[in-house]
Amino acid sequence: MLLKTATHTKAYFTIGLLCCITTLCLSQDQRVADSLKKIYNHNELSDSNKLEVLRNISLNERKADTSIYYSNELISLASKLNSKLYLHRGYLQRGHALREKGNLDKAAESFFKSAEIANSMSYISGVGGSYLALGDVYSVEGDHINSTNYYNKAISILRSETDSIPLATALLNAGDEYFNADKLDSAILLFEESGKIFKEQNYLIGTAYNLGNVGMVYAKQDQPEKAESNMQLAIEILSELGDYYPIAVYDTYISDIYLEKGDFDRALQYAQHSLDIATDHGLKEQIRDASLKLAELYEYKEEYQTAFEYQKQYLAYRDSINNEETVRKMADLRTEYEVSQKQIEIDLLESRQRMQNILFASMSTIIILLAFLAFMYYRNNKRKQMLNMIITERKEEVEAQRDQLEAMNETREKFLSIIAHDLLGPVNSFKGFSTIMKFSIDQNDTEDLKQIHSQFEKSVDGLSSLLTNLLDWSVTQQGTIPYKPEKVELKTLVDELVNLFKNMADTKNIEIKSTIDTDVDMWVDVNSVKTILRNLVSNAIKFTVDGGSITISAQTDGSMVSVKVQDTGIGIPQEKLETLLAENNFNRSWGTKGEKGLGLGLQLVKEFTEINKGQLAIESVEGKGTSISVTLPLFRSKNLQ
């Protein structure tokens, strides 16, 4: 099992500048930390100077426990003085020291706190530094997604702030994350960009880390000489600065290089040196990684008991760093931070609102007076608008009522015209009866008078029935011509029509007949269709000379039936035919015996045909007669659904 585990050794190696991110004025140097501790402990300093001294001690101190102590001192003093900037820096430095010791959940808690404080004071560079530190924690914890996410956030912020050394640090650590994910091309691009910035800024510790990380890439690319050269140079710089965390990492990598060369003694020497440094400084991650490397080396030497002991040590430290409770706490911390940021935004908005209220309340008397005048003007304007709106509404109501009355008057006039038009024919037939009756009286022909009386009685009954139907229909209308379609038998309707106009036709010796001998059901408004056919037959009788004929026929075509009224009358001139159906063309006309016409009949026929969803067609030859067809819809069972 030891050999299988050893193949994953490199996956646990991560550097990240966890102790030199946020403050950029000074390089990390243990000698600086020691000098500042003496000043802090033996000199009277002002509170503002104490803040700066504590910040630089925690920044440069290489012993994690000592750095934590001075970071806590900085946090306590910054809280007392309500200095958000140094409070942010204190939490950030404490997080770095905790991360070095392997306390990842507590480190993440400190970093989230530092980010929250930086956000509250709009310290964008500070937010970027906190995100960068969080990326390091998630990288060590093995959460590649969150690590990359926070690194990219940090890079984006720091690029916008043109903050060069923190940007180089973010690039370096993001490259390290790509390195751990075996994306070496991406890693080397980021290392090259960060190395260039460190060199331009003469930032020695950044240069050292960059050299070491590039060396690790060389190691993975099977270029051991270049790898060892880079890491040895990095170790020399870091040893002088007293930065032992990366030295432990690079020692482990150099051990791996000598292992691949087959030089077990040198490999064992570097691995042991890495473990010693990590143990002396309480670096849990490096104790873990060095223990794994030593287990691998002793297994190669077939010293299985020693290998087993180091393997147990590796597992113990691995579990203490990457246990489920730590992962859960870090996830909770991330959630709490994101929620708190939303709350900060809400609080900020509320604070701004309160400030606006205070400013409004403290406005001068002149501004209040102007506001009052503006309000009065606004209110008067509103009143005018309201009055105008009421006037407009009333005007619209009056116009609507006027239009409705006009429509009702127009419809009533139309009904009166219909009644007059339909009664005109039967009344004219009475005139014929009167002439015949006078002739029979003069001849003392009682038998003929009896026959005329019988026909006269039938005509009166028909006229009475027609008048009743027309009046009933007119009563039902309410401003519009009613349209209530129903199933209507065409043959029955035409037979009634023939009986109604027979006496009128007889007075002119005109034969009126129907060729409809089968039942055809229509889906129409019965009253309006009766008016259509009465008008057509009445006109045919009016314009047909004595001895002529009128034929009513029907022909179905698909869903329609065409009802034709054809006469042998005088016909219609072509020029009159073209204007006959023009709207409002009420030119009077006279029949073959001087019968008066209102000029309304065919216009009613056209309008009522369209109401019943039909079509009207007229064919006429002057001197030979006229044929008028009305096409109407047939009844279908679906009409009742």
# chains A, B, ... in the order shown; residues from 1 in each chain; ligands from 1

call {"tool": "closest_atom_pairs", "arguments": {"of": "region 125-169 of chain A", "to": "region 86-104 of chain A", "cutoff": "10 Å", "atoms": "only C-alpha atoms", "output": "tab-separated table"}}
result
residue	atom	partner	partner_atom	distance
A:Gly126	CA	A:His88	CA	7.7
A:Val127	CA	A:His88	CA	9.4
A:Gly129	CA	A:Leu92	CA	8.4
A:Ser130	CA	A:Leu92	CA	6.8
A:Ala133	CA	A:His96	CA	7.5
A:Leu134	CA	A:Gly95	CA	9.2
A:Asp136	CA	A:Arg99	CA	8.7
A:Val137	CA	A:Leu104	CA	6.3
A:Tyr138	CA	A:Leu104	CA	8.4
A:Val140	CA	A:Leu104	CA	8.2
A:Glu141	CA	A:Leu104	CA	7.4

call {"tool": "residues_around", "arguments": {"residues": "Asp265 (chain A)", "least_positions_apart": "2", "cutoff": "12 Å", "atoms": "only C-alpha atoms", "output": "list in words"}}
result
Ser255, Asp256, Tyr258, Leu259, Lys261, Gly262, Asp263, Ala267, Leu268, Gln269, Tyr270, Ala271, Gln272, Leu294, Leu297, Tyr298, Tyr300 and Lys301 of chain A

call {"tool": "write_last_selection", "arguments": {"atoms": "C-alpha atoms", "output": "CSV table (one decimal), in the first residue's frame"}}
result
chain,number,residue,atom,x,y,z
A,255,SER,CA,14.0,14.8,-2.3
A,256,ASP,CA,11.7,13.5,-5.1
A,258,TYR,CA,17.0,12.6,-6.1
A,259,LEU,CA,14.7,9.6,-5.7
A,261,LYS,CA,17.9,9.7,-10.0
A,262,GLY,CA,18.3,6.7,-7.6
A,263,ASP,CA,20.3,8.6,-5.0
A,267,ALA,CA,16.6,12.0,-1.2
A,268,LEU,CA,16.3,10.8,2.4
A,269,GLN,CA,18.4,13.8,3.6
A,270,TYR,CA,16.2,16.4,2.0
A,271,ALA,CA,12.9,14.7,3.1
A,272,GLN,CA,14.2,14.5,6.7
A,294,LEU,CA,9.8,9.5,4.1
A,297,LEU,CA,11.8,6.3,0.7
A,298,TYR,CA,12.0,3.8,3.6
A,300,TYR,CA,12.3,1.6,-1.3
A,301,LYS,CA,15.0,0.8,1.2

call {"tool": "residues_around", "arguments": {"residues": "region 43-59 of chain A", "least_positions_apart": "5", "cutoff": "8 Å", "atoms": "only C-alpha atoms", "output": "PDB file with N, CA and C atoms, in the first residue's frame"}}
result
ATOM      1  N   CYS A  19       1.714  34.207   3.682  1.00  0.00           N
ATOM      2  CA  CYS A  19       2.118  35.091   4.779  1.00  0.00           C
ATOM      3  C   CYS A  19       2.540  36.465   4.286  1.00  0.00           C
ATOM      4  N   CYS A  20       2.430  36.760   2.995  1.00  0.00           N
ATOM      5  CA  CYS A  20       2.944  38.045   2.509  1.00  0.00           C
ATOM      6  C   CYS A  20       1.995  38.677   1.513  1.00  0.00           C
ATOM      7  N   THR A  23       0.039  43.181   2.979  1.00  0.00           N
ATOM      8  CA  THR A  23       0.817  44.410   3.170  1.00  0.00           C
ATOM      9  C   THR A  23       2.045  44.332   2.316  1.00  0.00           C
ATOM     10  N   GLN A  28       8.967  40.152   3.762  1.00  0.00           N
ATOM     11  CA  GLN A  28       8.880  39.350   4.981  1.00  0.00           C
ATOM     12  C   GLN A  28      10.307  39.024   5.454  1.00  0.00           C
ATOM     13  N   VAL A  32      13.373  41.852  10.768  1.00  0.00           N
ATOM     14  CA  VAL A  32      12.504  43.025  10.951  1.00  0.00           C
ATOM     15  C   VAL A  32      11.534  42.784  12.094  1.00  0.00           C
ATOM     16  N   ALA A  33      10.942  41.557  12.110  1.00  0.00           N
ATOM     17  CA  ALA A  33       9.987  41.224  13.171  1.00  0.00           C
ATOM     18  C   ALA A  33      10.645  41.308  14.543  1.00  0.00           C
ATOM     19  N   ASP A  34      11.868  40.765  14.683  1.00  0.00           N
ATOM     20  CA  ASP A  34      12.560  40.776  15.979  1.00  0.00           C
ATOM     21  C   ASP A  34      12.861  42.202  16.438  1.00  0.00           C
ATOM     22  N   LEU A  36      11.239  44.955  15.621  1.00  0.00           N
ATOM     23  CA  LEU A  36       9.992  45.652  15.965  1.00  0.00           C
ATOM     24  C   LEU A  36       9.424  45.184  17.294  1.00  0.00           C
ATOM     25  N   LYS A  37       9.638  43.915  17.628  1.00  0.00           N
ATOM     26  CA  LYS A  37       9.154  43.419  18.924  1.00  0.00           C
ATOM     27  C   LYS A  37       9.862  44.143  20.073  1.00  0.00           C
ATOM     28  N   THR A  66       3.696  32.826  17.221  1.00  0.00           N
ATOM     29  CA  THR A  66       4.034  34.209  17.566  1.00  0.00           C
ATOM     30  C   THR A  66       3.261  35.190  16.693  1.00  0.00           C
ATOM     31  N   SER A  67       3.161  34.859  15.411  1.00  0.00           N
ATOM     32  CA  SER A  67       2.406  35.721  14.492  1.00  0.00           C
ATOM     33  C   SER A  67       0.940  35.814  14.913  1.00  0.00           C
ATOM     34  N   ILE A  68       0.390  34.673  15.376  1.00  0.00           N
ATOM     35  CA  ILE A  68      -1.006  34.674  15.846  1.00  0.00           C
ATOM     36  C   ILE A  68      -1.158  35.580  17.059  1.00  0.00           C
ATOM     37  N   TYR A  70       0.616  38.275  17.992  1.00  0.00           N
ATOM     38  CA  TYR A  70       0.672  39.696  17.653  1.00  0.00           C
ATOM     39  C   TYR A  70      -0.507  40.113  16.761  1.00  0.00           C
ATOM     40  N   SER A  71      -1.032  39.183  15.944  1.00  0.00           N
ATOM     41  CA  SER A  71      -2.233  39.481  15.153  1.00  0.00           C
ATOM     42  C   SER A  71      -3.421  39.730  16.067  1.00  0.00           C
ATOM     43  N   GLU A  73      -3.234  40.806  19.140  1.00  0.00           N
ATOM     44  CA  GLU A  73      -2.995  42.103  19.761  1.00  0.00           C
ATOM     45  C   GLU A  73      -3.451  43.238  18.832  1.00  0.00           C
ATOM     46  N   LEU A  74      -3.131  43.081  17.540  1.00  0.00           N
ATOM     47  CA  LEU A  74      -3.519  44.084  16.543  1.00  0.00           C
ATOM     48  C   LEU A  74      -5.046  44.175  16.438  1.00  0.00           C
ATOM     49  N   LEU A  77      -6.488  45.976  19.619  1.00  0.00           N
ATOM     50  CA  LEU A  77      -6.258  47.414  19.633  1.00  0.00           C
ATOM     51  C   LEU A  77      -7.072  48.123  18.543  1.00  0.00           C
ATOM     52  N   ALA A  78      -7.153  47.513  17.342  1.00  0.00           N
ATOM     53  CA  ALA A  78      -7.917  48.118  16.243  1.00  0.00           C
ATOM     54  C   ALA A  78      -9.402  48.201  16.592  1.00  0.00           C
ATOM     55  N   TYR A  86      -6.938  48.562  10.126  1.00  0.00           N
ATOM     56  CA  TYR A  86      -6.037  47.669  10.862  1.00  0.00           C
ATOM     57  C   TYR A  86      -6.774  46.441  11.392  1.00  0.00           C
ATOM     58  N   ARG A  89      -6.510  44.139   8.544  1.00  0.00           N
ATOM     59  CA  ARG A  89      -5.146  43.596   8.432  1.00  0.00           C
ATOM     60  C   ARG A  89      -4.860  42.581   9.533  1.00  0.00           C
ATOM     61  N   GLY A  90      -5.398  42.838  10.724  1.00  0.00           N
ATOM     62  CA  GLY A  90      -5.175  41.904  11.825  1.00  0.00           C
ATOM     63  C   GLY A  90      -5.792  40.547  11.549  1.00  0.00           C
ATOM     64  N   GLN A  93      -3.712  38.728   8.773  1.00  0.00           N
ATOM     65  CA  GLN A  93      -2.451  38.141   9.219  1.00  0.00           C
ATOM     66  C   GLN A  93      -2.684  36.934  10.128  1.00  0.00           C
ATOM     67  N   ARG A  94      -3.718  37.017  10.983  1.00  0.00           N
ATOM     68  CA  ARG A  94      -4.023  35.857  11.829  1.00  0.00           C
ATOM     69  C   ARG A  94      -4.438  34.665  10.968  1.00  0.00           C
TER      70      ARG A  94
END

call {"tool": "atom_distance", "arguments": {"atom1": "CA of Lys80 (chain A)", "atom2": "CA of Ala115 (chain A)"}}
result
19.6 Å

call {"tool": "closest_residue", "arguments": {"among": "A:Val537, A:Lys384, A:Ser514, A:Asp521", "to": "Thr551 (chain A)", "atoms": "only C-alpha atoms"}}
result
A:Ser514

call {"tool": "residues_around", "arguments": {"residues": "Phe198 (chain A)", "least_positions_apart": "5", "cutoff": "7 Å", "atoms": "only C-alpha atoms", "output": "list in words"}}
result
Ile165, Ala168, Tyr203, Gly206 and Thr207 of chain A

call {"tool": "write_last_selection", "arguments": {"atoms": "N, CA, C and O atoms", "output": "PDB file, in the first residue's frame"}}
result
ATOM      1  N   ILE A 165       2.134  44.189  -6.658  1.00  0.00           N
ATOM      2  CA  ILE A 165       2.650  43.041  -5.898  1.00  0.00           C
ATOM      3  C   ILE A 165       1.532  42.093  -5.471  1.00  0.00           C
ATOM      4  O   ILE A 165       1.665  40.879  -5.624  1.00  0.00           O
ATOM      5  N   ALA A 168       0.699  40.155  -8.532  1.00  0.00           N
ATOM      6  CA  ALA A 168       1.693  39.124  -8.819  1.00  0.00           C
ATOM      7  C   ALA A 168       1.513  37.929  -7.896  1.00  0.00           C
ATOM      8  O   ALA A 168       1.651  36.772  -8.306  1.00  0.00           O
ATOM      9  N   TYR A 203      10.968  42.695  -5.469  1.00  0.00           N
ATOM     10  CA  TYR A 203      10.315  42.053  -4.323  1.00  0.00           C
ATOM     11  C   TYR A 203      10.943  40.680  -4.146  1.00  0.00           C
ATOM     12  O   TYR A 203      10.569  39.705  -4.811  1.00  0.00           O
ATOM     13  N   GLY A 206       8.940  37.408  -3.188  1.00  0.00           N
ATOM     14  CA  GLY A 206       8.088  36.974  -4.294  1.00  0.00           C
ATOM     15  C   GLY A 206       8.902  36.296  -5.367  1.00  0.00           C
ATOM     16  O   GLY A 206       8.490  35.277  -5.940  1.00  0.00           O
ATOM     17  N   THR A 207      10.082  36.841  -5.635  1.00  0.00           N
ATOM     18  CA  THR A 207      10.972  36.229  -6.621  1.00  0.00           C
ATOM     19  C   THR A 207      11.365  34.826  -6.188  1.00  0.00           C
ATOM     20  O   THR A 207      11.421  33.890  -7.003  1.00  0.00           O
TER      21      THR A 207
END

call {"tool": "residues_around", "arguments": {"residues": "region 304-320 of chain A", "least_positions_apart": "3", "cutoff": "6 Å", "atoms": "only C-alpha atoms", "output": "list of chain:residue names"}}
result
A:Arg288, A:Ser291, A:Leu292, A:Ala295, A:Tyr298, A:Glu299, A:Asn323

call {"tool": "write_last_selection", "arguments": {"atoms": "N, CA and C atoms", "output": "tab-separated table (two decimals), in the first residue's frame"}}
result
chain	number	residue	atom	x	y	z
A	288	ARG	N	2.81	16.58	7.10
A	288	ARG	CA	2.07	15.56	6.35
A	288	ARG	C	2.82	15.13	5.10
A	291	SER	N	6.22	13.40	5.77
A	291	SER	CA	6.01	12.05	6.31
A	291	SER	C	5.69	11.07	5.20
A	292	LEU	N	4.89	11.51	4.25
A	292	LEU	CA	4.55	10.63	3.13
A	292	LEU	C	5.78	10.34	2.29
A	295	ALA	N	8.00	7.87	4.15
A	295	ALA	CA	7.42	6.53	4.09
A	295	ALA	C	7.76	5.88	2.76
A	298	TYR	N	11.65	4.97	2.74
A	298	TYR	CA	12.01	3.81	3.56
A	298	TYR	C	11.42	2.52	2.99
A	299	GLU	N	10.32	2.64	2.27
A	299	GLU	CA	9.79	1.43	1.63
A	299	GLU	C	10.72	0.99	0.50
A	323	ASN	N	-10.36	16.81	7.54
A	323	ASN	CA	-11.52	16.07	8.06
A	323	ASN	C	-12.82	16.73	7.61

call {"tool": "closest_residue", "arguments": {"among": "A:Val565, A:Ser122, A:Leu632, A:Ser147", "to": "Ala108 (chain A)", "atoms": "only C-alpha atoms"}}
result
A:Ser147

call {"tool": "residues_around", "arguments": {"residues": "Ile197 (chain A)", "least_positions_apart": "3", "cutoff": "8 Å", "atoms": "only C-alpha atoms", "output": "short mmCIF file (atom, residue, chain, number, x, y, z; two decimals) with C-alpha atoms, in the first residue's frame"}}
result
data_model
loop_
_atom_site.label_atom_id
_atom_site.label_comp_id
_atom_site.auth_asym_id
_atom_site.auth_seq_id
_atom_site.Cartn_x
_atom_site.Cartn_y
_atom_site.Cartn_z
CA SER A 164 1.19 45.21 -8.70
CA ILE A 165 2.65 43.04 -5.90
CA ALA A 168 1.69 39.12 -8.82
CA GLU A 193 3.71 37.00 -15.49
CA SER A 194 4.10 37.03 -11.70
CA GLU A 200 10.34 44.85 -11.66
CA GLN A 201 9.32 45.68 -8.07
#

call {"tool": "atom_distance", "arguments": {"atom1": "CA of Leu211 (chain A)", "atom2": "CA of Ile188 (chain A)"}}
result
11.2 Å

call {"tool": "select_by_dssp", "arguments": {"residues": "region 483-539 of chain A", "states": "alpha helix (DSSP H)", "output": "NGL selection string"}}
result
:A and (490-506 or 526-539)

call {"tool": "atom_distance", "arguments": {"atom1": "CA of Thr169 (chain A)", "atom2": "CA of Ser114 (chain A)"}}
result
17.7 Å

call {"tool": "decode", "arguments": {"residues": "region 366-395 of chain A", "atoms": "N, CA, C and O atoms", "output": "PDB file, in the first residue's frame"}}
result
ATOM      1  N   ILE A 366     -36.876  78.755   3.355  1.00  0.00           N
ATOM      2  CA  ILE A 366     -37.117  79.164   1.965  1.00  0.00           C
ATOM      3  C   ILE A 366     -37.410  77.954   1.089  1.00  0.00           C
ATOM      4  O   ILE A 366     -38.335  77.980   0.253  1.00  0.00           O
ATOM      5  N   ILE A 367     -36.620  76.869   1.282  1.00  0.00           N
ATOM      6  CA  ILE A 367     -36.828  75.656   0.478  1.00  0.00           C
ATOM      7  C   ILE A 367     -38.180  75.042   0.792  1.00  0.00           C
ATOM      8  O   ILE A 367     -38.898  74.570  -0.092  1.00  0.00           O
ATOM      9  N   ILE A 368     -38.558  75.084   2.111  1.00  0.00           N
ATOM     10  CA  ILE A 368     -39.872  74.549   2.502  1.00  0.00           C
ATOM     11  C   ILE A 368     -40.972  75.358   1.824  1.00  0.00           C
ATOM     12  O   ILE A 368     -41.968  74.809   1.326  1.00  0.00           O
ATOM     13  N   LEU A 369     -40.817  76.703   1.819  1.00  0.00           N
ATOM     14  CA  LEU A 369     -41.809  77.562   1.189  1.00  0.00           C
ATOM     15  C   LEU A 369     -41.920  77.263  -0.303  1.00  0.00           C
ATOM     16  O   LEU A 369     -43.026  77.174  -0.861  1.00  0.00           O
ATOM     17  N   LEU A 370     -40.752  77.103  -0.943  1.00  0.00           N
ATOM     18  CA  LEU A 370     -40.761  76.772  -2.371  1.00  0.00           C
ATOM     19  C   LEU A 370     -41.441  75.430  -2.617  1.00  0.00           C
ATOM     20  O   LEU A 370     -42.206  75.267  -3.584  1.00  0.00           O
ATOM     21  N   ALA A 371     -41.156  74.491  -1.729  1.00  0.00           N
ATOM     22  CA  ALA A 371     -41.784  73.173  -1.869  1.00  0.00           C
ATOM     23  C   ALA A 371     -43.296  73.284  -1.709  1.00  0.00           C
ATOM     24  O   ALA A 371     -44.069  72.623  -2.421  1.00  0.00           O
ATOM     25  N   PHE A 372     -43.727  74.135  -0.739  1.00  0.00           N
ATOM     26  CA  PHE A 372     -45.158  74.322  -0.512  1.00  0.00           C
ATOM     27  C   PHE A 372     -45.823  74.948  -1.746  1.00  0.00           C
ATOM     28  O   PHE A 372     -46.903  74.523  -2.177  1.00  0.00           O
ATOM     29  N   LEU A 373     -45.154  75.980  -2.305  1.00  0.00           N
ATOM     30  CA  LEU A 373     -45.695  76.607  -3.502  1.00  0.00           C
ATOM     31  C   LEU A 373     -45.761  75.627  -4.668  1.00  0.00           C
ATOM     32  O   LEU A 373     -46.734  75.612  -5.440  1.00  0.00           O
ATOM     33  N   ALA A 374     -44.713  74.829  -4.770  1.00  0.00           N
ATOM     34  CA  ALA A 374     -44.705  73.817  -5.834  1.00  0.00           C
ATOM     35  C   ALA A 374     -45.841  72.819  -5.639  1.00  0.00           C
ATOM     36  O   ALA A 374     -46.500  72.395  -6.598  1.00  0.00           O
ATOM     37  N   PHE A 375     -46.076  72.470  -4.355  1.00  0.00           N
ATOM     38  CA  PHE A 375     -47.163  71.540  -4.055  1.00  0.00           C
ATOM     39  C   PHE A 375     -48.515  72.149  -4.427  1.00  0.00           C
ATOM     40  O   PHE A 375     -49.384  71.486  -5.004  1.00  0.00           O
ATOM     41  N   MET A 376     -48.700  73.459  -4.068  1.00  0.00           N
ATOM     42  CA  MET A 376     -49.959  74.119  -4.394  1.00  0.00           C
ATOM     43  C   MET A 376     -50.164  74.188  -5.904  1.00  0.00           C
ATOM     44  O   MET A 376     -51.268  73.962  -6.406  1.00  0.00           O
ATOM     45  N   TYR A 377     -49.082  74.496  -6.607  1.00  0.00           N
ATOM     46  CA  TYR A 377     -49.176  74.532  -8.068  1.00  0.00           C
ATOM     47  C   TYR A 377     -49.526  73.150  -8.621  1.00  0.00           C
ATOM     48  O   TYR A 377     -50.382  73.004  -9.501  1.00  0.00           O
ATOM     49  N   TYR A 378     -48.858  72.145  -8.055  1.00  0.00           N
ATOM     50  CA  TYR A 378     -49.104  70.769  -8.499  1.00  0.00           C
ATOM     51  C   TYR A 378     -50.555  70.373  -8.228  1.00  0.00           C
ATOM     52  O   TYR A 378     -51.228  69.773  -9.074  1.00  0.00           O
ATOM     53  N   ARG A 379     -51.048  70.727  -6.999  1.00  0.00           N
ATOM     54  CA  ARG A 379     -52.411  70.356  -6.649  1.00  0.00           C
ATOM     55  C   ARG A 379     -53.422  71.054  -7.552  1.00  0.00           C
ATOM     56  O   ARG A 379     -54.392  70.433  -8.021  1.00  0.00           O
ATOM     57  N   ASN A 380     -53.205  72.364  -7.812  1.00  0.00           N
ATOM     58  CA  ASN A 380     -54.111  73.087  -8.704  1.00  0.00           C
ATOM     59  C   ASN A 380     -54.083  72.504 -10.109  1.00  0.00           C
ATOM     60  O   ASN A 380     -55.114  72.385 -10.777  1.00  0.00           O
ATOM     61  N   ASN A 381     -52.887  72.159 -10.537  1.00  0.00           N
ATOM     62  CA  ASN A 381     -52.752  71.551 -11.855  1.00  0.00           C
ATOM     63  C   ASN A 381     -53.487  70.219 -11.917  1.00  0.00           C
ATOM     64  O   ASN A 381     -54.140  69.892 -12.907  1.00  0.00           O
ATOM     65  N   LYS A 382     -53.352  69.460 -10.810  1.00  0.00           N
ATOM     66  CA  LYS A 382     -54.051  68.175 -10.740  1.00  0.00           C
ATOM     67  C   LYS A 382     -55.567  68.374 -10.801  1.00  0.00           C
ATOM     68  O   LYS A 382     -56.296  67.613 -11.439  1.00  0.00           O
ATOM     69  N   ARG A 383     -56.033  69.408 -10.069  1.00  0.00           N
ATOM     70  CA  ARG A 383     -57.467  69.688 -10.081  1.00  0.00           C
ATOM     71  C   ARG A 383     -57.940  70.045 -11.493  1.00  0.00           C
ATOM     72  O   ARG A 383     -59.001  69.598 -11.943  1.00  0.00           O
ATOM     73  N   LYS A 384     -57.142  70.874 -12.162  1.00  0.00           N
ATOM     74  CA  LYS A 384     -57.499  71.230 -13.532  1.00  0.00           C
ATOM     75  C   LYS A 384     -57.543  69.986 -14.414  1.00  0.00           C
ATOM     76  O   LYS A 384     -58.459  69.811 -15.225  1.00  0.00           O
ATOM     77  N   GLN A 385     -56.532  69.138 -14.237  1.00  0.00           N
ATOM     78  CA  GLN A 385     -56.501  67.909 -15.027  1.00  0.00           C
ATOM     79  C   GLN A 385     -57.717  67.038 -14.736  1.00  0.00           C
ATOM     80  O   GLN A 385     -58.319  66.444 -15.640  1.00  0.00           O
ATOM     81  N   MET A 386     -58.084  66.969 -13.433  1.00  0.00           N
ATOM     82  CA  MET A 386     -59.233  66.156 -13.050  1.00  0.00           C
ATOM     83  C   MET A 386     -60.518  66.726 -13.644  1.00  0.00           C
ATOM     84  O   MET A 386     -61.368  65.988 -14.161  1.00  0.00           O
ATOM     85  N   LEU A 387     -60.668  68.063 -13.556  1.00  0.00           N
ATOM     86  CA  LEU A 387     -61.850  68.697 -14.132  1.00  0.00           C
ATOM     87  C   LEU A 387     -61.914  68.474 -15.644  1.00  0.00           C
ATOM     88  O   LEU A 387     -62.980  68.175 -16.192  1.00  0.00           O
ATOM     89  N   ASN A 388     -60.756  68.631 -16.293  1.00  0.00           N
ATOM     90  CA  ASN A 388     -60.713  68.388 -17.737  1.00  0.00           C
ATOM     91  C   ASN A 388     -61.081  66.943 -18.061  1.00  0.00           C
ATOM     92  O   ASN A 388     -61.770  66.668 -19.046  1.00  0.00           O
ATOM     93  N   MET A 389     -60.592  66.033 -17.206  1.00  0.00           N
ATOM     94  CA  MET A 389     -60.890  64.625 -17.427  1.00  0.00           C
ATOM     95  C   MET A 389     -62.386  64.360 -17.259  1.00  0.00           C
ATOM     96  O   MET A 389     -63.003  63.629 -18.038  1.00  0.00           O
ATOM     97  N   ILE A 390     -62.989  64.986 -16.196  1.00  0.00           N
ATOM     98  CA  ILE A 390     -64.432  64.810 -15.972  1.00  0.00           C
ATOM     99  C   ILE A 390     -65.225  65.387 -17.140  1.00  0.00           C
ATOM    100  O   ILE A 390     -66.176  64.767 -17.643  1.00  0.00           O
ATOM    101  N   ILE A 391     -64.819  66.590 -17.591  1.00  0.00           N
ATOM    102  CA  ILE A 391     -65.500  67.216 -18.731  1.00  0.00           C
ATOM    103  C   ILE A 391     -65.387  66.338 -19.971  1.00  0.00           C
ATOM    104  O   ILE A 391     -66.365  66.135 -20.706  1.00  0.00           O
ATOM    105  N   THR A 392     -64.179  65.810 -20.185  1.00  0.00           N
ATOM    106  CA  THR A 392     -63.963  64.936 -21.343  1.00  0.00           C
ATOM    107  C   THR A 392     -64.835  63.691 -21.256  1.00  0.00           C
ATOM    108  O   THR A 392     -65.445  63.254 -22.247  1.00  0.00           O
ATOM    109  N   GLU A 393     -64.882  63.095 -20.041  1.00  0.00           N
ATOM    110  CA  GLU A 393     -65.700  61.890 -19.869  1.00  0.00           C
ATOM    111  C   GLU A 393     -67.177  62.197 -20.120  1.00  0.00           C
ATOM    112  O   GLU A 393     -67.887  61.416 -20.776  1.00  0.00           O
ATOM    113  N   ARG A 394     -67.642  63.337 -19.540  1.00  0.00           N
ATOM    114  CA  ARG A 394     -69.044  63.710 -19.753  1.00  0.00           C
ATOM    115  C   ARG A 394     -69.319  63.963 -21.233  1.00  0.00           C
ATOM    116  O   ARG A 394     -70.378  63.594 -21.764  1.00  0.00           O
ATOM    117  N   LYS A 395     -68.368  64.613 -21.884  1.00  0.00           N
ATOM    118  CA  LYS A 395     -68.523  64.886 -23.309  1.00  0.00           C
ATOM    119  C   LYS A 395     -68.601  63.590 -24.097  1.00  0.00           C
ATOM    120  O   LYS A 395     -69.436  63.437 -25.004  1.00  0.00           O
TER     121      LYS A 395
END
